[in-house]
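Asks: Okay, handing you the structure first.
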Amino acid sequence: MRHDMRLAATRSDGSITPPPQRSSPADEAWALLRELLFAERRRFFDTASEFELHPAQAGALMQLDQESGSPMHEIAAHLACDSSNVTGIVDRLEARGLVTRRAGERDRRVKYIVPTPLGLEVREAMRARMARAPAAIERLSPKEQRLLRDLLARAARGPHEGELH
């Protein structure tokens, strides 16, 4: 496939450099937010490691429904992996006493993964560590922190949520 040199350039290593584009303020804000989130993912990995969990195990534990549990296919969707991979993740969590398997009430073939009291304790401790704002946000003034909070809250709402009709 041939690339138009006005649209893209090929680097010496064979990779393609996208053409320079004019960024909108929204694109720039999104790029900065992605950069911050990417930098902070290390904190999640470190927190998981503190509890001797693989990041996939920690991710599964973090998203389980506390009361009814979550079906294996839902865990796979949250982790963006195949359901067959979830079996090993759940096996290791179960071996640590952090989750149990429960057959579905309507369909006993569906296995729900439910956090145990120990699993809930570990999850809450992880959430407490992850809830603290990163240093990049802590460095902002209180006024800037409130502004950032308010802008992100507005962006996170649906397109019509909070509008007067």
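Within each chain, counting starts at residue 1; across the structure tokens, chains are named A, B, ... in the order shown, with ligands numbered 1 upward in that order.
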So which residues touch Met62 (chain A) within 10 Å, counting only C-alpha atoms, skipping near sequence neighbours fewer than 6 positions away, as a PyMOL selection string?
Replies: chain A and resi 56+115+119-120+122-124+126-127
Asks: Fewer than 2 positions away in the same chain doesn't count, so skip those; otherwise give me all residues within 9 Å of region 74-79 of chain A, counting only C-alpha atoms, as a list in words.
Replies: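 Neighbouring residues, sequence-local ones excluded: Ala56, Gly59, Ala60, Gln63, Leu64, Ser70, Pro71, Met72, Cys81, Asp82, Ser83, Ser84, Asn85, Val86 and Ile113 of chain A.
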Asks: Write out as a list in words which residues come within 12 Å of Arg92 (chain A) when counting only C-alpha atoms, dropping same-chain ones fewer than 2 positions away.
Replies: Glu52, Leu53, His54, Ala56, Gln57, Ala58, Ala60, Leu61, Asn85, Val86, Thr87, Gly88, Ile89, Val90, Glu94, Ala95, Arg96, Gly97, Leu98, Val99 and Thr100 of chain A
Asks: Name all residues at most 12 Å from Glu105 (chain A) (count only C-alpha atoms; drop same-chain ones fewer than 4 positions away) and give them as a list in words.
Replies: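 Here the qualifying residues turn out to be Ser68, Gly69, Pro71, Arg109, Val110, Lys111 and Tyr112 of chain A.
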Asks: Please, what distance in Å, to one decimal, runs between CA of Ala80 (chain A) and CA of Arg41 (chain A)?
Replies: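 Result for CA of Ala80 (chain A) versus CA of Arg41 (chain A): 16.2 Å, one decimal.
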Asks: Give the strand (DSSP E) residues of region 2-156 of chain A, as DSSP finds them on the backbone, and put them as a list in words.
Replies: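 Selecting the strand (DSSP E) positions of region 2-156 of chain A gives Ala9, Thr10, Ile16, Thr17, Ser70, Pro71, Val99, Thr100, Arg101, Arg102, Ala103, Lys111, Tyr112, Ile113, Val114 and Pro115 of chain A.
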Asks: Next, the residues of the selection above should be written as a short mmCIF file (atom, residue, chain, number, x, y, z; two decimals), in the first residue's frame with C-alpha atoms.
Replies:
data_model
loop_
_atom_site.label_atom_id
_atom_site.label_comp_id
_atom_site.auth_asym_id
_atom_site.auth_seq_id
_atom_site.Cartn_x
_atom_site.Cartn_y
_atom_site.Cartn_z
CA ALA A 9 5.77 10.07 6.19
CA THR A 10 7.61 6.78 6.60
CA ILE A 16 4.36 5.67 9.64
CA THR A 17 4.37 9.19 11.03
CA SER A 70 -20.60 -10.88 38.30
CA PRO A 71 -20.84 -13.54 35.60
CA VAL A 99 -13.80 -14.76 45.67
CA THR A 100 -16.18 -17.68 45.44
CA ARG A 101 -18.08 -19.11 42.49
CA ARG A 102 -21.85 -19.32 42.64
CA ALA A 103 -24.18 -20.89 40.09
CA LYS A 111 -21.08 -18.94 37.14
CA TYR A 112 -21.18 -15.75 39.18
CA ILE A 113 -18.01 -14.62 40.89
CA VAL A 114 -18.72 -13.10 44.29
CA PRO A 115 -16.17 -11.36 46.51
#
Asks: Write down as a count of residues only the residues of region 7-165 of chain A whose backbone DSSP state falls under alpha helix (DSSP H).
Replies: 90
Asks: Could you check the closest approach to Asp46 (chain A) for each of A:Thr116, A:Leu140, A:Pro25, A:Arg129 and tell me which residue wins, using only C-alpha atoms?
Replies: A:Arg129
Asks: Tell me, in Å to one decimal, how far CA of Asp27 (chain A) is from CA of Lys143 (chain A).
Replies: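 Atom-to-atom, CA of Asp27 (chain A) and CA of Lys143 (chain A) are spaced 23.8 Å apart.
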Asks: To one decimal place, how far is CA of Ala29 (chain A) from CA of Arg42 (chain A) in Å?
Replies: 21.3 Å
